[in-house]
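Trainee: Input file: target31.csv. Contents: CSV, C-alpha atoms and all ligand atoms.
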```csv
chain,number,residue,atom,x,y,z
A,1277,MET,CA,-6.7,18.5,10.7
A,1278,THR,CA,-4.2,20.9,12.2
A,1279,ASN,CA,-1.0,20.5,14.2
A,1280,ILE,CA,-3.0,21.5,17.3
A,1281,ASP,CA,-5.4,18.6,16.6
A,1282,LEU,CA,-2.4,16.3,16.4
A,1283,MET,CA,-1.0,17.6,19.8
A,1284,GLY,CA,-4.5,17.0,21.3
A,1285,ILE,CA,-4.5,13.4,20.0
A,1286,ALA,CA,-1.0,12.7,21.4
A,1287,GLU,CA,-2.3,14.1,24.8
A,1288,ASN,CA,-5.4,11.9,24.7
A,1289,PHE,CA,-4.1,8.7,23.2
A,1290,GLY,CA,-0.5,8.7,24.3
A,1291,LYS,CA,2.8,8.5,22.2
A,1292,PRO,CA,3.9,7.2,19.9
A,1293,VAL,CA,0.7,7.2,17.9
A,1294,TYR,CA,-0.4,6.9,14.3
A,1295,VAL,CA,-3.1,9.3,13.2
A,1296,TYR,CA,-5.1,9.0,9.9
A,1297,ASP,CA,-7.1,11.9,8.5
A,1298,SER,CA,-10.3,10.4,7.0
A,1299,GLU,CA,-11.0,13.6,5.0
A,1300,LYS,CA,-7.6,13.3,3.2
A,1301,ILE,CA,-8.4,9.6,2.3
A,1302,ALA,CA,-11.8,10.6,0.9
A,1303,SER,CA,-10.4,13.5,-1.1
A,1304,GLN,CA,-7.7,11.3,-2.7
A,1305,TYR,CA,-10.4,8.8,-3.6
A,1306,LYS,CA,-12.5,11.5,-5.2
A,1307,LEU,CA,-9.4,12.9,-7.0
A,1308,LEU,CA,-8.8,9.5,-8.6
A,1309,LYS,CA,-12.4,9.0,-9.5
A,1310,SER,CA,-12.7,12.3,-11.2
A,1311,ALA,CA,-9.4,11.9,-13.1
A,1312,PHE,CA,-11.0,8.8,-14.7
A,1313,ALA,CA,-14.5,10.2,-15.0
A,1314,GLY,CA,-14.3,9.5,-18.8
A,1315,VAL,CA,-14.5,5.7,-18.1
A,1316,THR,CA,-18.0,4.4,-17.7
A,1317,ASN,CA,-17.2,1.4,-15.6
A,1318,LEU,CA,-14.4,2.3,-13.1
A,1319,ARG,CA,-13.5,0.4,-10.0
A,1320,ILE,CA,-11.0,1.4,-7.3
A,1321,ASN,CA,-9.7,-1.5,-5.3
A,1322,TYR,CA,-7.8,-0.3,-2.2
A,1323,ALA,CA,-4.6,-2.2,-1.7
A,1324,THR,CA,-5.1,-3.6,1.8
A,1325,LYS,CA,-1.5,-4.2,2.6
A,1326,ALA,CA,-0.7,-0.4,2.7
A,1327,LEU,CA,-2.8,0.0,5.9
A,1328,SER,CA,-5.0,-2.9,6.9
A,1329,ASN,CA,-6.8,-1.6,10.0
A,1330,LEU,CA,-10.5,-2.8,10.0
A,1331,SER,CA,-11.9,0.7,10.5
A,1332,ILE,CA,-9.8,2.0,7.5
A,1333,LEU,CA,-11.2,-0.9,5.4
A,1334,LYS,CA,-14.7,-0.1,6.5
A,1335,PHE,CA,-14.1,3.6,5.6
A,1336,MET,CA,-13.0,2.5,2.1
A,1337,ARG,CA,-16.1,0.4,1.7
A,1338,ASN,CA,-18.2,3.4,2.5
A,1339,LEU,CA,-16.4,5.4,-0.1
A,1340,GLY,CA,-17.4,2.8,-2.6
A,1341,ALA,CA,-14.0,1.1,-3.0
A,1342,GLY,CA,-13.3,-2.6,-3.5
A,1343,LEU,CA,-10.2,-4.4,-2.1
A,1344,ASP,CA,-7.0,-5.6,-3.5
A,1345,THR,CA,-5.5,-8.4,-1.2
A,1346,VAL,CA,-2.3,-10.4,-1.3
A,1347,SER,CA,-3.0,-13.0,1.4
A,1348,ILE,CA,-5.9,-15.1,2.7
A,1349,GLN,CA,-5.7,-13.2,5.9
A,1350,GLU,CA,-6.2,-9.9,4.1
A,1351,VAL,CA,-9.2,-11.5,2.4
A,1352,GLN,CA,-10.6,-12.5,5.8
A,1353,LEU,CA,-10.0,-8.9,7.1
A,1354,GLY,CA,-11.9,-7.6,4.0
A,1355,LEU,CA,-14.8,-9.9,4.7
A,1356,ALA,CA,-14.8,-8.9,8.4
A,1357,ALA,CA,-15.0,-5.3,7.3
A,1358,GLY,CA,-18.2,-6.2,5.4
A,1359,PHE,CA,-16.9,-6.3,1.8
A,1360,ASP,CA,-18.8,-8.5,-0.6
A,1361,PRO,CA,-16.5,-11.3,-1.7
A,1362,GLN,CA,-17.0,-10.1,-5.3
A,1363,ALA,CA,-15.6,-6.7,-4.4
A,1364,ILE,CA,-12.3,-8.4,-3.5
A,1365,ILE,CA,-9.5,-9.4,-5.8
A,1366,TYR,CA,-6.8,-11.7,-4.5
A,1367,THR,CA,-3.3,-11.2,-6.1
A,1368,PRO,CA,-0.9,-13.5,-4.3
A,1369,ASN,CA,2.7,-14.3,-5.2
A,1370,GLY,CA,4.3,-17.5,-4.4
A,1371,VAL,CA,1.5,-18.9,-2.3
A,1372,SER,CA,0.3,-22.5,-2.2
A,1373,LEU,CA,-2.4,-23.9,-4.5
A,1374,ASN,CA,-4.2,-24.8,-1.3
A,1375,GLU,CA,-4.5,-21.2,-0.2
A,1376,ILE,CA,-5.7,-20.1,-3.6
A,1377,GLU,CA,-8.4,-22.8,-3.5
A,1378,GLU,CA,-9.5,-21.7,0.0
A,1379,VAL,CA,-9.9,-18.1,-1.2
A,1380,ALA,CA,-11.7,-19.2,-4.4
A,1381,LYS,CA,-14.2,-21.0,-2.2
A,1382,MET,CA,-15.0,-17.7,-0.5
A,1383,GLY,CA,-16.2,-16.3,-3.8
A,1384,VAL,CA,-13.3,-13.9,-4.2
A,1385,GLN,CA,-11.8,-13.0,-7.6
A,1386,ILE,CA,-8.6,-15.0,-8.1
A,1387,ASN,CA,-5.6,-13.5,-9.9
A,1388,ILE,CA,-2.8,-15.9,-10.8
A,1389,ASP,CA,0.7,-14.9,-11.6
A,1390,ASN,CA,2.5,-18.0,-12.7
A,1391,LEU,CA,1.9,-20.8,-15.2
A,1392,SER,CA,2.5,-23.7,-12.8
A,1393,LEU,CA,-0.4,-22.8,-10.5
A,1394,LEU,CA,-2.5,-21.5,-13.4
A,1395,GLU,CA,-2.4,-25.0,-15.0
A,1396,GLN,CA,-3.0,-26.8,-11.6
A,1397,PHE,CA,-5.9,-24.5,-10.7
A,1398,GLY,CA,-7.4,-24.6,-14.2
A,1399,THR,CA,-7.3,-28.4,-14.3
A,1400,ARG,CA,-9.1,-28.7,-10.9
A,1401,HIS,CA,-11.5,-25.7,-11.2
A,1402,PRO,CA,-12.2,-25.0,-14.9
A,1403,THR,CA,-15.4,-23.2,-14.2
A,1404,THR,CA,-14.0,-20.7,-11.7
A,1405,PRO,CA,-13.1,-17.5,-13.6
A,1406,VAL,CA,-9.5,-16.4,-13.1
A,1407,CYS,CA,-7.7,-13.2,-13.8
A,1408,ILE,CA,-4.0,-13.4,-15.0
A,1409,ARG,CA,-1.3,-11.1,-13.9
A,1410,ILE,CA,1.1,-10.4,-16.7
A,1411,ASN,CA,4.6,-8.9,-16.5
A,1412,PRO,CA,4.9,-6.4,-19.3
A,1413,HIS,CA,8.6,-5.9,-18.6
A,1414,VAL,CA,8.4,-2.2,-18.3
A,1415,MET,CA,10.7,-0.5,-15.9
A,1416,ALA,CA,8.6,2.0,-13.9
A,1417,GLY,CA,10.7,4.3,-11.7
A,1418,GLY,CA,14.4,3.8,-10.9
A,1419,ASN,CA,14.3,1.8,-7.7
A,1420,SER,CA,14.5,-1.9,-8.5
A,1421,ASN,CA,13.1,-2.8,-5.0
A,1422,ILE,CA,9.8,-1.2,-5.8
A,1423,SER,CA,9.6,-1.7,-9.5
A,1424,VAL,CA,8.0,-5.1,-10.2
A,1425,GLY,CA,7.5,-5.1,-13.9
A,1426,HIS,CA,11.0,-5.4,-15.2
A,1427,ILE,CA,12.7,-8.5,-16.6
A,1428,ASP,CA,14.2,-9.9,-13.4
A,1429,SER,CA,11.1,-9.4,-11.3
A,1430,LYS,CA,9.5,-12.3,-9.5
A,1431,PHE,CA,6.0,-10.9,-10.2
A,1432,GLY,CA,3.6,-11.8,-13.0
A,1433,ILE,CA,3.7,-14.1,-16.1
A,1434,SER,CA,6.1,-12.9,-18.7
A,1435,ILE,CA,4.4,-11.6,-21.9
A,1436,HIS,CA,6.9,-13.8,-23.7
A,1437,GLN,CA,5.1,-16.8,-22.2
A,1438,ILE,CA,1.7,-15.8,-23.6
A,1439,PRO,CA,1.7,-18.7,-26.2
A,1440,HIS,CA,2.3,-21.2,-23.4
A,1441,LEU,CA,-0.4,-19.5,-21.3
A,1442,LEU,CA,-2.9,-19.7,-24.1
A,1443,ARG,CA,-2.2,-23.4,-24.5
A,1444,ILE,CA,-2.9,-24.0,-20.8
A,1445,VAL,CA,-6.2,-22.1,-21.0
A,1446,GLU,CA,-7.2,-24.1,-24.1
A,1447,ASN,CA,-6.2,-27.4,-22.6
A,1448,THR,CA,-8.0,-26.9,-19.3
A,1449,ALA,CA,-11.0,-25.0,-20.8
A,1450,MET,CA,-10.7,-22.6,-17.9
A,1451,LYS,CA,-12.3,-19.1,-18.0
A,1452,ILE,CA,-10.1,-16.0,-18.0
A,1453,ASN,CA,-12.2,-13.0,-17.0
A,1454,GLY,CA,-9.5,-10.3,-16.4
A,1455,ILE,CA,-6.0,-9.2,-17.2
A,1456,HIS,CA,-3.9,-7.5,-14.6
A,1457,MET,CA,-0.6,-5.8,-14.3
A,1458,HIS,CA,1.1,-3.9,-11.5
A,1459,THR,CA,4.3,-2.4,-12.8
A,1460,GLY,CA,5.7,-1.0,-9.7
A,1461,SER,CA,5.3,1.7,-7.1
A,1462,ASP,CA,6.3,4.9,-9.0
A,1463,ILE,CA,4.7,6.2,-12.2
A,1464,LEU,CA,7.0,9.1,-12.9
A,1465,ASP,CA,6.3,9.2,-16.5
A,1466,VAL,CA,2.8,8.8,-17.8
A,1467,ASP,CA,4.0,7.7,-21.2
A,1468,VAL,CA,6.0,4.8,-19.7
A,1469,PHE,CA,2.8,3.7,-18.0
A,1470,LEU,CA,0.8,4.0,-21.2
A,1471,HIS,CA,3.4,1.9,-23.0
A,1472,ALA,CA,2.8,-0.9,-20.4
A,1473,ALA,CA,-0.9,-0.4,-20.8
A,1474,GLU,CA,-0.6,-1.0,-24.6
A,1475,ILE,CA,1.1,-4.4,-23.8
A,1476,LEU,CA,-1.9,-5.2,-21.6
A,1477,PHE,CA,-4.3,-4.3,-24.3
A,1478,ASP,CA,-2.4,-6.5,-26.8
A,1479,THR,CA,-2.5,-9.4,-24.3
A,1480,ALA,CA,-6.2,-8.8,-23.7
A,1481,LYS,CA,-7.0,-9.3,-27.4
A,1482,ASN,CA,-6.2,-13.0,-27.0
A,1483,PHE,CA,-9.2,-13.6,-24.7
A,1484,LYS,CA,-12.8,-13.5,-25.7
A,1485,ASN,CA,-14.7,-13.3,-22.4
A,1486,LEU,CA,-13.0,-10.6,-20.4
A,1487,GLU,CA,-14.9,-8.6,-17.8
A,1488,PHE,CA,-12.2,-6.3,-16.6
A,1489,LEU,CA,-8.7,-4.9,-17.1
A,1490,ASP,CA,-6.7,-4.2,-14.0
A,1491,PHE,CA,-3.9,-1.7,-14.3
A,1492,GLY,CA,-2.6,-2.1,-10.7
A,1493,SER,CA,-1.1,0.9,-9.1
A,1494,GLY,CA,2.1,2.9,-8.9
A,1495,PHE,CA,0.6,6.3,-8.3
A,1496,LYS,CA,3.4,8.4,-6.8
A,1497,VAL,CA,2.6,10.9,-4.1
A,1498,PRO,CA,5.0,13.7,-3.0
A,1499,TYR,CA,6.9,13.1,0.2
A,1500,PHE,CA,8.5,16.5,0.4
A,1501,ASN,CA,8.3,20.0,-1.2
A,1502,ASN,CA,8.9,19.8,-4.9
A,1503,ASP,CA,9.0,16.0,-4.9
A,1504,ILE,CA,7.8,14.4,-8.1
A,1505,GLU,CA,4.3,12.9,-8.3
A,1506,THR,CA,2.2,11.1,-10.8
A,1507,ASN,CA,0.3,13.5,-13.0
A,1508,ILE,CA,-3.2,12.0,-12.3
A,1509,GLU,CA,-5.1,14.3,-14.6
A,1510,GLU,CA,-2.8,13.6,-17.6
A,1511,LEU,CA,-2.9,9.8,-16.9
A,1512,GLY,CA,-6.7,9.9,-16.4
A,1513,GLU,CA,-7.3,11.8,-19.6
A,1514,LYS,CA,-4.9,9.7,-21.8
A,1515,LEU,CA,-5.7,6.3,-20.4
A,1516,SER,CA,-9.5,6.9,-20.3
A,1517,ALA,CA,-9.5,7.7,-24.0
A,1518,ARG,CA,-7.4,4.8,-24.9
A,1519,PHE,CA,-9.4,2.4,-22.8
A,1520,THR,CA,-12.7,3.5,-24.3
A,1521,GLU,CA,-11.3,3.0,-27.7
A,1522,PHE,CA,-10.0,-0.4,-26.8
A,1523,CYS,CA,-13.5,-1.4,-25.5
A,1524,ALA,CA,-15.1,-0.3,-28.7
A,1525,ASN,CA,-12.8,-2.5,-30.7
A,1526,TYR,CA,-13.1,-5.4,-28.3
A,1527,GLY,CA,-16.8,-5.2,-28.6
A,1528,SER,CA,-17.8,-5.0,-24.9
A,1529,GLU,CA,-17.8,-2.5,-22.1
A,1530,LEU,CA,-15.1,-3.7,-19.8
A,1531,GLN,CA,-14.4,-2.5,-16.2
A,1532,LEU,CA,-11.3,-0.6,-15.6
A,1533,ILE,CA,-9.7,-1.3,-12.3
A,1534,PHE,CA,-7.0,0.4,-10.3
A,1535,GLU,CA,-5.5,-0.8,-7.0
A,1536,PRO,CA,-3.9,2.2,-5.2
A,1537,GLY,CA,-2.5,1.9,-1.7
A,1538,LYS,CA,-0.1,4.7,-1.2
A,1539,PHE,CA,-2.2,7.2,-3.2
A,1540,LEU,CA,-5.2,6.8,-1.0
A,1541,VAL,CA,-3.6,6.6,2.5
A,1542,SER,CA,0.0,7.8,2.5
A,1543,GLN,CA,-0.5,11.5,3.0
A,1544,ALA,CA,-3.4,11.0,5.3
A,1545,GLY,CA,-1.0,9.4,7.9
A,1546,HIS,CA,0.9,11.3,10.6
A,1547,PHE,CA,3.1,9.5,13.1
A,1548,ILE,CA,3.7,11.4,16.4
A,1549,THR,CA,6.7,10.6,18.6
A,1550,GLN,CA,8.3,12.2,21.6
A,1551,VAL,CA,12.0,13.2,21.9
A,1552,ASN,CA,13.6,11.3,24.8
A,1553,VAL,CA,17.2,12.5,24.4
A,1554,VAL,CA,19.0,15.3,22.6
A,1555,LYS,CA,22.6,14.2,22.2
A,1556,GLN,CA,25.4,16.4,20.9
A,1557,THR,CA,28.3,14.5,19.4
A,1558,THR,CA,31.4,15.7,17.6
A,1559,SER,CA,29.7,15.5,14.2
A,1560,THR,CA,26.0,16.1,14.7
A,1561,ILE,CA,23.1,16.5,17.1
A,1562,PHE,CA,21.0,13.4,17.6
A,1563,ALA,CA,17.3,13.8,18.4
A,1564,GLN,CA,16.3,10.4,19.8
A,1565,VAL,CA,12.6,9.6,19.7
A,1566,ASP,CA,10.5,7.0,21.5
A,1567,SER,CA,10.3,4.8,18.4
A,1568,GLY,CA,12.5,3.1,15.8
A,1569,PHE,CA,12.3,0.7,12.9
A,1570,ASN,CA,9.9,-1.4,15.0
A,1571,HIS,CA,7.3,1.2,14.2
A,1572,LEU,CA,8.5,2.9,11.0
A,1573,ILE,CA,10.9,0.9,8.9
A,1574,ARG,CA,10.6,2.5,5.5
A,1575,PRO,CA,13.5,5.0,5.9
A,1576,MET,CA,15.9,2.2,6.9
A,1577,LEU,CA,14.4,-0.5,4.5
A,1578,TYR,CA,14.4,1.5,1.3
A,1579,GLY,CA,15.5,5.0,2.1
A,1580,SER,CA,12.1,6.7,2.0
A,1581,HIS,CA,12.0,10.3,3.0
A,1582,HIS,CA,9.5,11.3,5.6
A,1583,HIS,CA,9.2,15.0,6.3
A,1584,ILE,CA,9.6,15.7,10.1
A,1585,GLU,CA,8.2,18.7,12.0
A,1586,ASN,CA,8.6,19.8,15.6
A,1587,LEU,CA,5.0,20.1,16.8
A,1588,SER,CA,6.0,21.5,20.2
A,1589,ASN,CA,8.2,24.4,18.9
A,1590,PRO,CA,7.0,25.0,15.3
A,1591,ASN,CA,8.5,28.5,15.1
A,1592,GLY,CA,11.8,27.7,16.7
A,1593,LYS,CA,15.1,28.6,15.0
A,1594,GLU,CA,15.9,25.8,12.5
A,1595,ARG,CA,18.9,23.6,13.2
A,1596,PHE,CA,20.3,20.4,11.6
A,1597,TYR,CA,19.5,17.1,13.3
A,1598,SER,CA,19.9,13.4,12.9
A,1599,VAL,CA,16.6,11.9,14.0
A,1600,VAL,CA,17.1,8.4,15.3
A,1601,GLY,CA,15.2,5.9,17.4
A,1602,TYR,CA,15.6,4.0,20.6
A,1603,ILE,CA,16.2,0.6,19.1
A,1604,CYS,CA,19.5,-1.2,19.7
A,1605,GLU,CA,20.3,-1.2,16.1
A,1606,THR,CA,21.0,1.6,13.7
A,1607,ASP,CA,17.6,3.2,13.2
A,1608,THR,CA,18.1,6.5,11.4
A,1609,PHE,CA,14.9,8.2,10.4
A,1610,ALA,CA,16.7,11.2,8.9
A,1611,SER,CA,20.2,12.6,8.7
A,1612,ASN,CA,21.2,16.2,8.6
A,1613,ARG,CA,17.6,17.3,8.6
A,1614,LYS,CA,16.6,21.0,9.2
A,1615,ILE,CA,14.0,21.1,12.0
A,1616,ALA,CA,12.8,23.8,14.4
A,1617,GLU,CA,15.0,23.7,17.5
A,1618,ILE,CA,14.3,20.5,19.5
A,1619,THR,CA,14.4,20.1,23.2
A,1620,GLU,CA,13.8,16.9,25.2
A,1621,GLY,CA,10.1,16.2,25.5
A,1622,ASN,CA,9.1,17.8,22.2
A,1623,LEU,CA,6.7,16.1,19.9
A,1624,LEU,CA,8.0,15.3,16.4
A,1625,VAL,CA,5.6,14.4,13.7
A,1626,PHE,CA,6.5,12.3,10.6
A,1627,ARG,CA,4.5,13.0,7.5
A,1628,ASN,CA,3.2,10.6,4.8
A,1629,CYS,CA,2.9,7.8,7.4
A,1630,GLY,CA,-0.4,6.2,6.2
A,1631,ALA,CA,1.0,3.6,3.8
A,1632,TYR,CA,3.4,0.8,4.6
A,1633,CYS,CA,4.2,2.2,8.1
A,1634,PHE,CA,2.0,0.6,10.7
A,1635,SER,CA,1.4,-2.4,8.5
A,1636,MET,CA,5.2,-3.1,8.5
A,1637,SER,CA,5.6,-2.6,12.3
A,1638,SER,CA,7.0,-5.3,14.6
A,1639,ASN,CA,7.7,-6.0,18.3
A,1640,TYR,CA,11.5,-5.8,17.9
A,1641,ASN,CA,13.2,-5.1,21.2
A,1642,SER,CA,10.0,-6.4,22.7
A,1643,ARG,CA,8.4,-3.0,22.3
A,1644,TYR,CA,4.7,-2.4,21.8
A,1645,ARG,CA,3.2,-1.5,18.5
A,1646,PRO,CA,1.7,2.0,18.8
A,1647,ALA,CA,-2.0,3.0,18.9
A,1648,GLU,CA,-3.8,4.1,15.8
A,1649,VAL,CA,-6.3,6.9,15.7
A,1650,LEU,CA,-8.7,7.9,12.9
A,1651,TRP,CA,-9.6,11.6,12.6
A,1652,TYR,CA,-13.2,11.6,11.6
A,1653,LYS,CA,-15.8,14.4,11.7
A,1654,GLY,CA,-13.5,16.7,13.7
A,1655,LYS,CA,-12.6,14.1,16.3
A,1656,GLY,CA,-10.0,11.5,17.0
A,1657,HIS,CA,-11.3,7.9,17.3
A,1658,LEU,CA,-9.2,5.1,18.6
A,1659,ILE,CA,-9.1,2.3,16.0
A,1660,ARG,CA,-6.3,0.2,17.5
A,1661,LYS,CA,-5.2,0.0,21.1
A,1662,ARG,CA,-1.6,0.4,22.0
A,1663,GLU,CA,-0.2,-3.1,22.8
A,1664,THR,CA,0.5,-4.2,26.3
A,1665,PHE,CA,2.8,-6.6,27.9
A,1666,ASP,CA,0.2,-9.3,27.5
A,1667,ASP,CA,0.5,-9.0,23.8
A,1668,ILE,CA,4.2,-9.7,24.0
A,1669,LEU,CA,3.6,-12.8,26.0
A,1670,GLN,CA,0.5,-13.9,24.2
A,1671,ASN,CA,1.8,-16.7,21.9
A,1672,GLN,CA,4.8,-17.7,23.9
A,1673,VAL,CA,4.8,-21.2,25.4
A,1674,GLU,CA,6.9,-21.7,28.5
A,1675,ILE,CA,8.3,-25.1,29.1
A,1676,GLU,CA,9.6,-26.5,32.3
A,1677,PHE,CA,13.3,-27.2,32.9
B,1,LIG,C1,1.2,-3.3,-3.2
B,1,LIG,C2,0.3,-3.5,-4.4
B,1,LIG,C3,-0.5,-2.4,-4.8
B,1,LIG,C4,-0.5,-1.0,-4.2
B,1,LIG,O1,0.7,-0.3,-4.6
B,1,LIG,P1,0.8,1.2,-4.1
B,1,LIG,O2,2.2,1.6,-4.6
B,1,LIG,O3,0.8,1.3,-2.6
B,1,LIG,O4,-0.3,2.0,-4.7
B,1,LIG,C5,-1.4,-2.7,-5.9
B,1,LIG,N1,-1.5,-3.9,-6.4
B,1,LIG,C6,-0.7,-4.9,-6.0
B,1,LIG,C7,-0.8,-6.3,-6.7
B,1,LIG,C8,0.2,-4.8,-5.0
B,1,LIG,O5,0.9,-5.8,-4.6
```
Could you render the structure as structure tokens?
Mentor:
Amino acid sequence: MTNIDLMGIAENFGKPVYVYDSEKIASQYKLLKSAFAGVTNLRINYATKALSNLSILKFMRNLGAGLDTVSIQEVQLGLAAGFDPQAIIYTPNGVSLNEIEEVAKMGVQINIDNLSLLEQFGTRHPTTPVCIRINPHVMAGGNSNISVGHIDSKFGISIHQIPHLLRIVENTAMKINGIHMHTGSDILDVDVFLHAAEILFDTAKNFKNLEFLDFGSGFKVPYFNNDIETNIEELGEKLSARFTEFCANYGSELQLIFEPGKFLVSQAGHFITQVNVVKQTTSTIFAQVDSGFNHLIRPMLYGSHHHIENLSNPNGKERFYSVVGYICETDTFASNRKIAEITEGNLLVFRNCGAYCFSMSSNYNSRYRPAEVLWYKGKGHLIRKRETFDDILQNQVEIEF
């Protein structure tokens, strides 16, 4: 998919618009598969929350992926996309027992991350196999907002609580069929990840009837030139060998599961906006686009870097810009960013907008969520219509005064 293709999509489907390149998703999927080719029984469960459009989910199903879900609604989306319930794992955090029971009824694999609900669920449904999410207390990456394995994290059952966990399992006679961890969003150091994996292996030895080990995700993709990324080949080689060795000692061929979101869809996504105003101030030049944190909140929420290019003037002289939105709130996408000279009406594209972009969008300022387009077999296909004023009114109830 080229920049010319992107311009064509903006022309056909309007702006702002999210565009996803299906070929990039497929090639990332293949890359992960081949890195772990040494594992006999590998499963890749796509993390729905990264980008939950039905057509994306169907595309994932065609690739052979399963699904990782965190809410009953994501499970329902997965089922609507044609996934077999057994191909879905449900890893909620802080949800009600009632919701977990509803999902279990659908035949979906349950993953529980606290002792309170484990005991309650096990008491009521001892024959339903359950996976447990442990917290190995390994700090992956430096940003505590996106590292979920460390000591103060709200996610997972602490490995220090394994004795208590084992007592619950024994008392309820419940079945544990998997062990799960998800250490955070950035694997910057393969050895740190392998260290966490060893803790998972140690935990797994306590259970006799496991079917799978789920290592979560945390694959880091580059967001700009020379940005660090997870060395997939190295991780694949080292973990595959260690996993195979573990299975031999354990005495059965377990399934190895990963649940990547960002790795599969981040780089496939391109967000196209149009510049409404170029505003020179005493300190900078603002380029104001027809969007804001209502459409793309990651830069404001946790400082993520999205590369920005001027599609309309790609060879223009580079200048420094502050790219901001049209929301009545500070909504800075990028400060002091070098971009080919911008004039009003130009199209700017934000890169790496496949993961956690549209799925975090809102109607703030009563603006519409943008359209989504999937680039498939050399053509753009509309996979979500731009909202209209009816969507803004939809659930509002007017009362009489
Ligand atoms: C969000 C999430 C993922 C995906 O994380 P990425 O960094 O997008 O790959 C995987 N597993 C669980 C349990 C998650 O909550």
Trainee: Identify which of the residues A:Arg1643, A:Arg1409, A:His1456, A:Lys1661 lies closest to A:Ile1533, counting only C-alpha atoms when measuring atom-to-atom distances.
Mentor: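 The shortest atom-to-atom distance to A:Ile1533 comes from A:His1456.
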Trainee: Report, in Å to a single decimal, how far apart atom CA of A:Lys1451 and atom CA of A:Ala1380 are.
Mentor: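 Calculated distance between atom CA of A:Ala1380 and atom CA of A:Lys1451 is 13.6 Å.
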Trainee: Which residues sit within 9 Å of ligand LIG 1 (chain B), counting all atoms listed in the file, listed as a VMD selection string?
Mentor: chain A and resid 1321 to 1326 1344 to 1346 1366 to 1369 1409 1422 1431 1456 to 1462 1491 to 1496 1534 to 1542 1631 to 1632
Trainee: Take the selection from the previous step and output its residues with C-alpha atoms, as an mmCIF file, in the frame of the given file.
Mentor:
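Generated file (result.cif):
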```
data_model
loop_
_atom_site.group_PDB
_atom_site.id
_atom_site.type_symbol
_atom_site.label_atom_id
_atom_site.label_comp_id
_atom_site.auth_asym_id
_atom_site.auth_seq_id
_atom_site.Cartn_x
_atom_site.Cartn_y
_atom_site.Cartn_z
ATOM 1 C CA ASN A 1321 -9.700 -1.500 -5.300
ATOM 2 C CA TYR A 1322 -7.800 -0.300 -2.200
ATOM 3 C CA ALA A 1323 -4.600 -2.200 -1.700
ATOM 4 C CA THR A 1324 -5.100 -3.600 1.800
ATOM 5 C CA LYS A 1325 -1.500 -4.200 2.600
ATOM 6 C CA ALA A 1326 -0.700 -0.400 2.700
ATOM 7 C CA ASP A 1344 -7.000 -5.600 -3.500
ATOM 8 C CA THR A 1345 -5.500 -8.400 -1.200
ATOM 9 C CA VAL A 1346 -2.300 -10.400 -1.300
ATOM 10 C CA TYR A 1366 -6.800 -11.700 -4.500
ATOM 11 C CA THR A 1367 -3.300 -11.200 -6.100
ATOM 12 C CA PRO A 1368 -0.900 -13.500 -4.300
ATOM 13 C CA ASN A 1369 2.700 -14.300 -5.200
ATOM 14 C CA ARG A 1409 -1.300 -11.100 -13.900
ATOM 15 C CA ILE A 1422 9.800 -1.200 -5.800
ATOM 16 C CA PHE A 1431 6.000 -10.900 -10.200
ATOM 17 C CA HIS A 1456 -3.900 -7.500 -14.600
ATOM 18 C CA MET A 1457 -0.600 -5.800 -14.300
ATOM 19 C CA HIS A 1458 1.100 -3.900 -11.500
ATOM 20 C CA THR A 1459 4.300 -2.400 -12.800
ATOM 21 C CA GLY A 1460 5.700 -1.000 -9.700
ATOM 22 C CA SER A 1461 5.300 1.700 -7.100
ATOM 23 C CA ASP A 1462 6.300 4.900 -9.000
ATOM 24 C CA PHE A 1491 -3.900 -1.700 -14.300
ATOM 25 C CA GLY A 1492 -2.600 -2.100 -10.700
ATOM 26 C CA SER A 1493 -1.100 0.900 -9.100
ATOM 27 C CA GLY A 1494 2.100 2.900 -8.900
ATOM 28 C CA PHE A 1495 0.600 6.300 -8.300
ATOM 29 C CA LYS A 1496 3.400 8.400 -6.800
ATOM 30 C CA PHE A 1534 -7.000 0.400 -10.300
ATOM 31 C CA GLU A 1535 -5.500 -0.800 -7.000
ATOM 32 C CA PRO A 1536 -3.900 2.200 -5.200
ATOM 33 C CA GLY A 1537 -2.500 1.900 -1.700
ATOM 34 C CA LYS A 1538 -0.100 4.700 -1.200
ATOM 35 C CA PHE A 1539 -2.200 7.200 -3.200
ATOM 36 C CA LEU A 1540 -5.200 6.800 -1.000
ATOM 37 C CA VAL A 1541 -3.600 6.600 2.500
ATOM 38 C CA SER A 1542 0.000 7.800 2.500
ATOM 39 C CA ALA A 1631 1.000 3.600 3.800
ATOM 40 C CA TYR A 1632 3.400 0.800 4.600
#
```
Trainee: Need the shell around A:Ala1647: protein/DNA/RNA residues with any atom at most 9 Å away, counting all atoms listed in the file. Skip same-chain ones fewer than 2 positions apart. Format as a list in words?
Mentor: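 Skipping anything fewer than 2 positions along the chain leaves Phe1289, Gly1290, Lys1291, Pro1292, Val1293, Tyr1294, Val1295, Arg1645, Val1649, Leu1658, Ile1659, Arg1660, Lys1661, Arg1662 and Glu1663 of chain A.
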Trainee: Neighbours of A:Val1599 within 12 Å (all atoms listed in the file; same-chain residues fewer than 2 positions away dropped), as an NGL selection string?
Mentor: :A and (1549-1555 or 1560-1568 or 1575 or 1582-1586 or 1595-1597 or 1601-1602 or 1606-1615 or 1618 or 1624-1626)
Trainee: Find the residues near A:Ala1311: any atom within 12 Å, counting only C-alpha atoms, skip ones fewer than 4 places away on the same chain, and give them as a PyMOL selection string.
Mentor: chain A and resi 1304-1307+1315+1318+1506-1517
Trainee: From the set A:Ile1455, A:Met1636, A:Val1497, A:Leu1282, which residue has the shortest atom-to-atom contact distance to A:His1581, counting all atoms listed in the file?
Mentor: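 Nearest candidate to A:His1581 out of A:Ile1455, A:Met1636, A:Val1497, A:Leu1282: A:Val1497.
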